[in-house]
>>> print(open('coords-v5.cif').read())   # mmCIF, C-alpha atoms and all ligand atoms
data_entry
loop_
_atom_site.label_atom_id
_atom_site.label_comp_id
_atom_site.auth_asym_id
_atom_site.auth_seq_id
_atom_site.Cartn_x
_atom_site.Cartn_y
_atom_site.Cartn_z
CA MET D 1203 -56.37 97.13 -29.63
CA THR D 1204 -52.83 96.95 -28.32
CA ARG D 1205 -50.24 98.63 -30.42
CA ARG D 1206 -46.88 97.02 -31.06
CA ALA D 1207 -43.95 99.13 -29.82
CA ASP D 1208 -41.60 100.36 -32.52
CA LEU D 1209 -38.27 101.30 -30.93
CA ALA D 1210 -36.96 103.14 -33.95
CA ASN D 1211 -40.06 105.28 -34.49
CA ASP D 1212 -41.82 105.77 -31.16
CA VAL D 1213 -39.39 108.34 -29.77
CA ALA D 1214 -40.33 112.00 -30.28
CA GLU D 1215 -37.24 113.52 -28.74
CA VAL D 1216 -33.89 112.48 -27.33
CA LEU D 1217 -33.41 114.20 -23.98
CA LEU D 1218 -29.99 112.75 -23.11
CA THR D 1219 -27.74 111.21 -25.71
CA GLU D 1220 -25.68 108.09 -25.16
CA ALA D 1221 -22.51 110.24 -25.16
CA GLU D 1222 -23.91 112.64 -22.55
CA ILE D 1223 -24.92 109.74 -20.31
CA THR D 1224 -21.53 108.04 -20.68
CA ALA D 1225 -19.64 111.22 -19.80
CA ARG D 1226 -21.80 111.91 -16.76
CA VAL D 1227 -21.60 108.32 -15.49
CA GLN D 1228 -17.80 108.52 -15.74
CA GLU D 1229 -17.86 111.73 -13.71
CA LEU D 1230 -20.10 110.20 -11.06
CA GLY D 1231 -17.83 107.15 -10.86
CA ARG D 1232 -14.81 109.37 -10.34
CA ARG D 1233 -16.50 111.38 -7.59
CA ILE D 1234 -17.72 108.26 -5.80
CA SER D 1235 -14.24 106.70 -6.01
CA GLU D 1236 -12.75 109.84 -4.43
CA ASP D 1237 -15.41 110.19 -1.74
CA TYR D 1238 -15.10 106.57 -0.65
CA ALA D 1239 -11.32 106.25 -1.12
CA GLY D 1240 -9.81 103.75 1.31
CA ARG D 1241 -13.22 102.22 2.06
CA GLU D 1242 -15.28 99.39 0.62
CA LEU D 1243 -18.66 100.13 -0.82
CA THR D 1244 -21.86 98.13 -1.30
CA LEU D 1245 -23.85 99.30 -4.31
CA VAL D 1246 -27.55 98.45 -4.05
CA SER D 1247 -29.29 98.60 -7.40
CA VAL D 1248 -33.04 99.14 -7.33
CA LEU D 1249 -34.39 97.04 -10.18
CA LYS D 1250 -35.47 97.03 -12.83
CA GLY D 1251 -34.92 100.57 -14.06
CA SER D 1252 -31.43 101.03 -12.63
CA LEU D 1253 -29.96 97.99 -14.39
CA PRO D 1254 -28.01 99.74 -17.22
CA PHE D 1255 -26.98 102.63 -14.95
CA MET D 1256 -25.72 100.23 -12.29
CA ALA D 1257 -23.80 98.17 -14.86
CA ASP D 1258 -22.09 101.25 -16.27
CA LEU D 1259 -21.53 103.07 -12.97
CA MET D 1260 -19.92 100.14 -11.15
CA ARG D 1261 -17.32 99.87 -13.92
CA GLU D 1262 -16.43 103.56 -13.49
CA ILE D 1263 -15.73 103.10 -9.78
CA ALA D 1264 -12.09 102.48 -8.98
CA ILE D 1265 -12.41 101.17 -5.40
CA PRO D 1266 -13.52 97.69 -4.29
CA VAL D 1267 -17.30 97.33 -4.45
CA GLN D 1268 -19.77 94.63 -3.59
CA ILE D 1269 -23.08 94.71 -5.37
CA ASP D 1270 -26.55 93.73 -4.29
CA LEU D 1271 -29.90 93.96 -6.01
CA MET D 1272 -33.35 94.81 -4.76
CA GLU D 1273 -36.59 94.94 -6.66
CA VAL D 1274 -39.50 96.95 -5.41
CA SER D 1275 -42.87 97.75 -6.84
CA SER D 1276 -45.52 100.25 -5.99
CA TYR D 1277 -49.05 99.09 -5.26
CA GLY D 1278 -50.15 100.67 -8.54
CA GLY D 1279 -49.30 104.19 -9.69
CA THR D 1280 -51.91 106.40 -8.09
CA ALA D 1281 -52.22 104.30 -4.95
CA THR D 1282 -48.52 104.80 -4.30
CA GLU D 1283 -48.80 108.53 -4.76
CA ASN D 1284 -51.45 108.58 -2.06
CA THR D 1285 -50.06 106.07 0.39
CA GLY D 1286 -46.36 105.64 -0.35
CA LEU D 1287 -46.82 101.90 -0.04
CA VAL D 1288 -44.05 99.89 -1.63
CA ARG D 1289 -43.71 96.13 -1.93
CA ILE D 1290 -40.35 94.39 -1.82
CA LEU D 1291 -40.24 91.84 -4.64
CA LYS D 1292 -36.58 90.96 -4.15
CA ASP D 1293 -34.70 91.66 -0.95
CA LEU D 1294 -30.96 92.10 -0.35
CA SER D 1295 -28.97 88.89 -0.43
CA SER D 1296 -26.08 90.24 1.65
CA ASN D 1297 -25.74 91.65 5.15
CA ILE D 1298 -25.18 95.42 5.08
CA ASP D 1299 -24.63 95.80 8.82
CA GLY D 1300 -21.62 98.12 9.24
CA ARG D 1301 -21.14 98.56 5.47
CA ASP D 1302 -21.00 101.79 3.47
CA VAL D 1303 -24.05 101.53 1.22
CA LEU D 1304 -24.86 103.51 -1.89
CA VAL D 1305 -28.34 103.04 -3.35
CA VAL D 1306 -28.36 103.25 -7.16
CA GLU D 1307 -31.60 104.44 -8.75
CA ASP D 1308 -32.58 105.38 -12.28
CA ILE D 1309 -35.02 108.15 -11.35
CA ILE D 1310 -36.49 109.93 -8.34
CA ASP D 1311 -39.95 111.20 -9.05
CA THR D 1312 -42.33 111.59 -6.07
CA GLY D 1313 -39.60 110.25 -3.78
CA LEU D 1314 -41.99 107.78 -2.17
CA THR D 1315 -40.13 104.65 -3.29
CA LEU D 1316 -36.82 105.86 -1.86
CA ASN D 1317 -38.46 107.28 1.23
CA TYR D 1318 -39.69 103.78 2.03
CA LEU D 1319 -36.50 102.05 0.93
CA MET D 1320 -34.17 104.31 2.90
CA ARG D 1321 -36.13 103.69 6.08
CA TYR D 1322 -36.01 99.96 5.39
CA LEU D 1323 -32.24 99.95 4.71
CA ARG D 1324 -31.46 102.20 7.66
CA GLY D 1325 -33.04 99.54 9.85
CA LYS D 1326 -30.32 97.14 8.72
CA ASN D 1327 -27.68 99.29 10.41
CA PRO D 1328 -25.29 100.26 7.58
CA ALA D 1329 -22.24 102.39 8.49
CA SER D 1330 -23.45 104.96 5.96
CA LEU D 1331 -26.32 105.18 3.50
CA ARG D 1332 -26.38 107.44 0.48
CA ILE D 1333 -28.24 107.76 -2.81
CA CYS D 1334 -27.01 108.00 -6.39
CA THR D 1335 -29.67 108.61 -9.03
CA LEU D 1336 -29.19 109.03 -12.74
CA LEU D 1337 -32.23 111.28 -13.09
CA ASP D 1338 -33.94 113.63 -10.68
CA LYS D 1339 -37.37 115.09 -11.42
CA PRO D 1340 -37.83 117.55 -8.53
CA ALA D 1341 -41.07 119.02 -9.90
CA ARG D 1342 -42.93 115.84 -8.92
CA ARG D 1343 -41.52 115.44 -5.41
CA LEU D 1344 -43.98 114.66 -2.61
CA VAL D 1345 -41.42 113.86 0.10
CA GLU D 1346 -37.99 115.36 0.65
CA ILE D 1347 -35.17 112.95 -0.16
CA PRO D 1348 -31.55 113.85 0.50
CA VAL D 1349 -29.82 112.91 -2.75
CA ASP D 1350 -26.04 112.74 -2.69
CA TYR D 1351 -25.24 112.08 -6.37
CA VAL D 1352 -27.43 113.20 -9.28
CA GLY D 1353 -26.66 112.53 -12.92
CA PHE D 1354 -29.16 114.92 -14.48
CA THR D 1355 -32.00 117.07 -13.19
CA ILE D 1356 -34.79 116.80 -15.74
CA PRO D 1357 -38.11 118.57 -16.37
CA ASP D 1358 -41.48 116.97 -15.62
CA ARG D 1359 -41.71 114.81 -18.72
CA PHE D 1360 -42.33 111.10 -19.01
CA VAL D 1361 -38.99 109.62 -19.99
CA ILE D 1362 -38.02 106.23 -21.34
CA GLY D 1363 -34.79 104.47 -22.29
CA TYR D 1364 -31.52 103.54 -20.56
CA GLY D 1365 -33.50 101.39 -18.13
CA LEU D 1366 -36.69 103.41 -17.98
CA ASP D 1367 -39.82 101.84 -19.41
CA TYR D 1368 -43.28 102.50 -20.70
CA GLY D 1369 -45.35 99.34 -20.36
CA GLU D 1370 -42.11 97.44 -19.63
CA ILE D 1371 -40.75 98.33 -23.11
CA TYR D 1372 -38.01 100.77 -24.22
CA ARG D 1373 -35.59 99.92 -21.37
CA ASN D 1374 -32.95 98.80 -23.88
CA LEU D 1375 -32.62 102.15 -25.66
CA ARG D 1376 -29.12 103.61 -25.24
CA PHE D 1377 -30.42 107.14 -24.65
CA VAL D 1378 -33.10 108.79 -22.54
CA GLY D 1379 -36.00 110.09 -24.59
CA VAL D 1380 -39.62 111.11 -24.70
CA LEU D 1381 -42.24 109.08 -26.53
CA ARG D 1382 -44.51 110.38 -29.28
CA PRO D 1383 -47.94 111.27 -27.84
CA GLU D 1384 -49.62 108.72 -30.14
CA VAL D 1385 -47.86 105.95 -28.27
CA TYR D 1386 -49.78 106.83 -25.10
CA ALA D 1387 -53.00 107.57 -26.95
CA ASP D 1388 -52.99 104.15 -28.61
CA GLN D 1389 -52.63 102.47 -25.23
CA GLY D 1390 -55.85 104.13 -24.11
C1 LIG I 1401 -39.34 103.77 -10.83
C2 LIG I 1401 -37.91 104.11 -10.45
C3 LIG I 1401 -37.99 104.36 -8.98
C4 LIG I 1401 -39.40 104.88 -8.79
C5 LIG I 1401 -39.33 106.37 -8.64
O1 LIG I 1401 -39.53 102.41 -10.61
O2 LIG I 1401 -37.01 103.08 -10.77
O3 LIG I 1401 -37.78 103.18 -8.24
O4 LIG I 1401 -40.15 104.55 -9.95
O5 LIG I 1401 -40.60 106.89 -8.45
P1 LIG I 1401 -41.02 107.65 -7.12
O6 LIG I 1401 -39.94 108.60 -6.76
O7 LIG I 1401 -42.29 108.37 -7.55
O8 LIG I 1401 -41.30 106.64 -6.06
P2 LIG I 1401 -40.78 101.58 -11.16
O9 LIG I 1401 -41.78 101.39 -10.05
O10 LIG I 1401 -41.28 102.19 -12.43
O11 LIG I 1401 -40.14 100.14 -11.43
P3 LIG I 1401 -39.01 99.73 -12.47
O12 LIG I 1401 -37.70 100.29 -11.95
O13 LIG I 1401 -39.03 98.24 -12.41
O14 LIG I 1401 -39.38 100.27 -13.82
#
>>> encode(input="coords-v5.cif", output="structure tokens")
Amino acid sequence: MTRRADLANDVAEVLLTEAEITARVQELGRRISEDYAGRELTLVSVLKGSLPFMADLMREIAIPVQIDLMEVSSYGGTATENTGLVRILKDLSSNIDGRDVLVVEDIIDTGLTLNYLMRYLRGKNPASLRICTLLDKPARRLVEIPVDYVGFTIPDRFVIGYGLDYGEIYRNLRFVGVLRPEVYADQG
């Protein structure tokens, strides 16, 4: 039987508080503004997980930015881990030829999604292409990804909140947390 999610009670532990996230996003915004001073930047948000991070980060950047959105999906969890196959559900709507592009992600896990995406975006001939991720989970990495901006390096735990989901739920939590084990158990 499917269990109904209970936002207030399903979280076992808060890993990153709202205040910690806010402070770090401000810092990242400042660094990005300095690094790209005098230039114009295109932020490419990789949906859906990066939505809150993108919304907060773009408002901490003090230089002109354009934004674009992509949505990608793996061909199912384990299949992706084996093959690295990624499907583009929503492509860029702007031309990034000659633009400075910063990809905004919520989390890098195996690295397979970004490995694919970076190759794809490089083919569109941007002037520069970098990555900003809120969370980095290096313990799970299968392919090396050069990451330019990292919010937090986290241990190998399944995290939810601030954009990250379990079964498409919990994205609207203001913090990053870990679910109670029963939540997984109930889902079979
Ligand atoms: C998550 C995340 C990254 C990817 C990272 O997306 O947003 O895109 O997984 O994993 P990887 O490094 O192992 O490839 P997900 O497929 O869960 O989609 P979502 O953003 O819509 O939740």
>>> residues_around(input="coords-v5.cif", residues="Gly1363 in chain D", least_positions_apart="4", cutoff="7 Å", atoms="only C-alpha atoms", output="list in words")
Asp1367, Tyr1372, Arg1373, Asn1374, Leu1375, Arg1376, Phe1377, Val1378 and Gly1379 of chain D
>>> residues_near_ligand(input="coords-v5.cif", ligand="ligand LIG 1401 (chain I)", cutoff="10 Å", atoms="all atoms listed in the file", output="PyMOL selection string")
chain D and resi 1247-1253+1273-1280+1282-1283+1286-1289+1306-1319+1335+1337-1340+1342-1345+1347+1362+1365-1371+1373
>>> atom_distance(input="coords-v5.cif", atom1="CA of Asp1299 in chain D", atom2="CA of Pro1254 in chain D")
26.6 Å
>>> closest_residue(input="coords-v5.cif", among="D:Leu1209, D:Ile1356, D:Val1246, D:Met1320", to="Leu1336 in chain D", atoms="all atoms listed in the file")
D:Ile1356
>>> closest_atom_pairs(input="coords-v5.cif", of="range 1238-1343 of chain D", to="range 1216-1232 of chain D", cutoff="8 Å", atoms="all atoms listed in the file", output="tab-separated table")
residue	atom	partner	partner_atom	distance
D:Phe1255	CA	D:Val1227	CA	7.8
D:Asp1258	CA	D:Val1227	CA	7.1
D:Leu1259	CA	D:Val1227	CA	5.8
D:Met1260	CA	D:Gly1231	CA	7.3
D:Arg1261	CA	D:Gly1231	CA	7.9
D:Glu1262	CA	D:Gly1231	CA	4.7
D:Ile1263	CA	D:Gly1231	CA	4.7
D:Ala1264	CA	D:Arg1232	CA	7.5
>>> closest_residue(input="coords-v5.cif", among="D:Leu1245, D:Val1303, D:Ile1290, D:Val1380", to="Leu1271 in chain D", atoms="only C-alpha atoms")
D:Leu1245
>>> axis_aligned_box(input="coords-v5.cif", around="range 1289-1300 of chain D", padding_each_side="4 Å", output="AutoDock Vina command-line options")
--center_x -32.7 --center_y 93.5 --center_z 2.3 --size_x 30.1 --size_y 17.2 --size_z 21.9
>>> atom_distance(input="coords-v5.cif", atom1="CA of Val1361 in chain D", atom2="CA of Lys1292 in chain D")
24.6 Å
>>> atom_distance(input="coords-v5.cif", atom1="CA of Leu1291 in chain D", atom2="CA of Leu1323 in chain D")
14.7 Å
>>> decode(input="coords-v5.cif", residues="range 1304-1350 of chain D", atoms="C-alpha atoms", output="tab-separated table (two decimals), in the first residue's frame")
chain	number	residue	atom	x	y	z
D	1304	LEU	CA	27.28	28.32	-16.02
D	1305	VAL	CA	25.34	25.10	-15.45
D	1306	VAL	CA	23.39	25.13	-12.18
D	1307	GLU	CA	22.77	21.74	-10.57
D	1308	ASP	CA	21.36	20.65	-7.24
D	1309	ILE	CA	23.57	17.59	-6.78
D	1310	ILE	CA	26.36	15.66	-8.48
D	1311	ASP	CA	26.25	12.02	-7.58
D	1312	THR	CA	27.71	9.53	-10.11
D	1313	GLY	CA	28.49	12.45	-12.44
D	1314	LEU	CA	26.88	10.68	-15.39
D	1315	THR	CA	24.15	13.27	-15.95
D	1316	LEU	CA	26.62	16.15	-16.12
D	1317	ASN	CA	29.13	14.14	-18.09
D	1318	TYR	CA	26.50	13.77	-20.80
D	1319	LEU	CA	25.18	17.31	-20.47
D	1320	MET	CA	28.59	18.98	-20.61
D	1321	ARG	CA	29.44	17.13	-23.82
D	1322	TYR	CA	26.09	18.17	-25.26
D	1323	LEU	CA	26.50	21.85	-24.28
D	1324	ARG	CA	30.12	21.99	-25.41
D	1325	GLY	CA	28.86	21.03	-28.86
D	1326	LYS	CA	26.89	24.29	-28.92
D	1327	ASN	CA	30.12	26.28	-28.86
D	1328	PRO	CA	29.84	28.45	-25.71
D	1329	ALA	CA	32.71	30.86	-24.96
D	1330	SER	CA	33.11	29.14	-21.60
D	1331	LEU	CA	31.30	26.37	-19.75
D	1332	ARG	CA	31.42	25.84	-16.02
D	1333	ILE	CA	29.45	24.04	-13.32
D	1334	CYS	CA	27.93	25.27	-10.08
D	1335	THR	CA	26.38	22.62	-7.86
D	1336	LEU	CA	24.76	23.08	-4.49
D	1337	LEU	CA	25.72	19.60	-3.31
D	1338	ASP	CA	28.58	17.31	-4.22
D	1339	LYS	CA	28.61	13.65	-3.20
D	1340	PRO	CA	32.09	12.54	-4.31
D	1341	ALA	CA	31.82	9.07	-2.74
D	1342	ARG	CA	29.41	8.01	-5.50
D	1343	ARG	CA	31.34	9.38	-8.47
D	1344	LEU	CA	31.75	7.11	-11.51
D	1345	VAL	CA	33.16	9.71	-13.91
D	1346	GLU	CA	35.41	12.67	-13.15
D	1347	ILE	CA	33.62	16.00	-13.47
D	1348	PRO	CA	35.49	19.29	-13.12
D	1349	VAL	CA	33.29	21.28	-10.74
D	1350	ASP	CA	33.99	24.98	-10.46
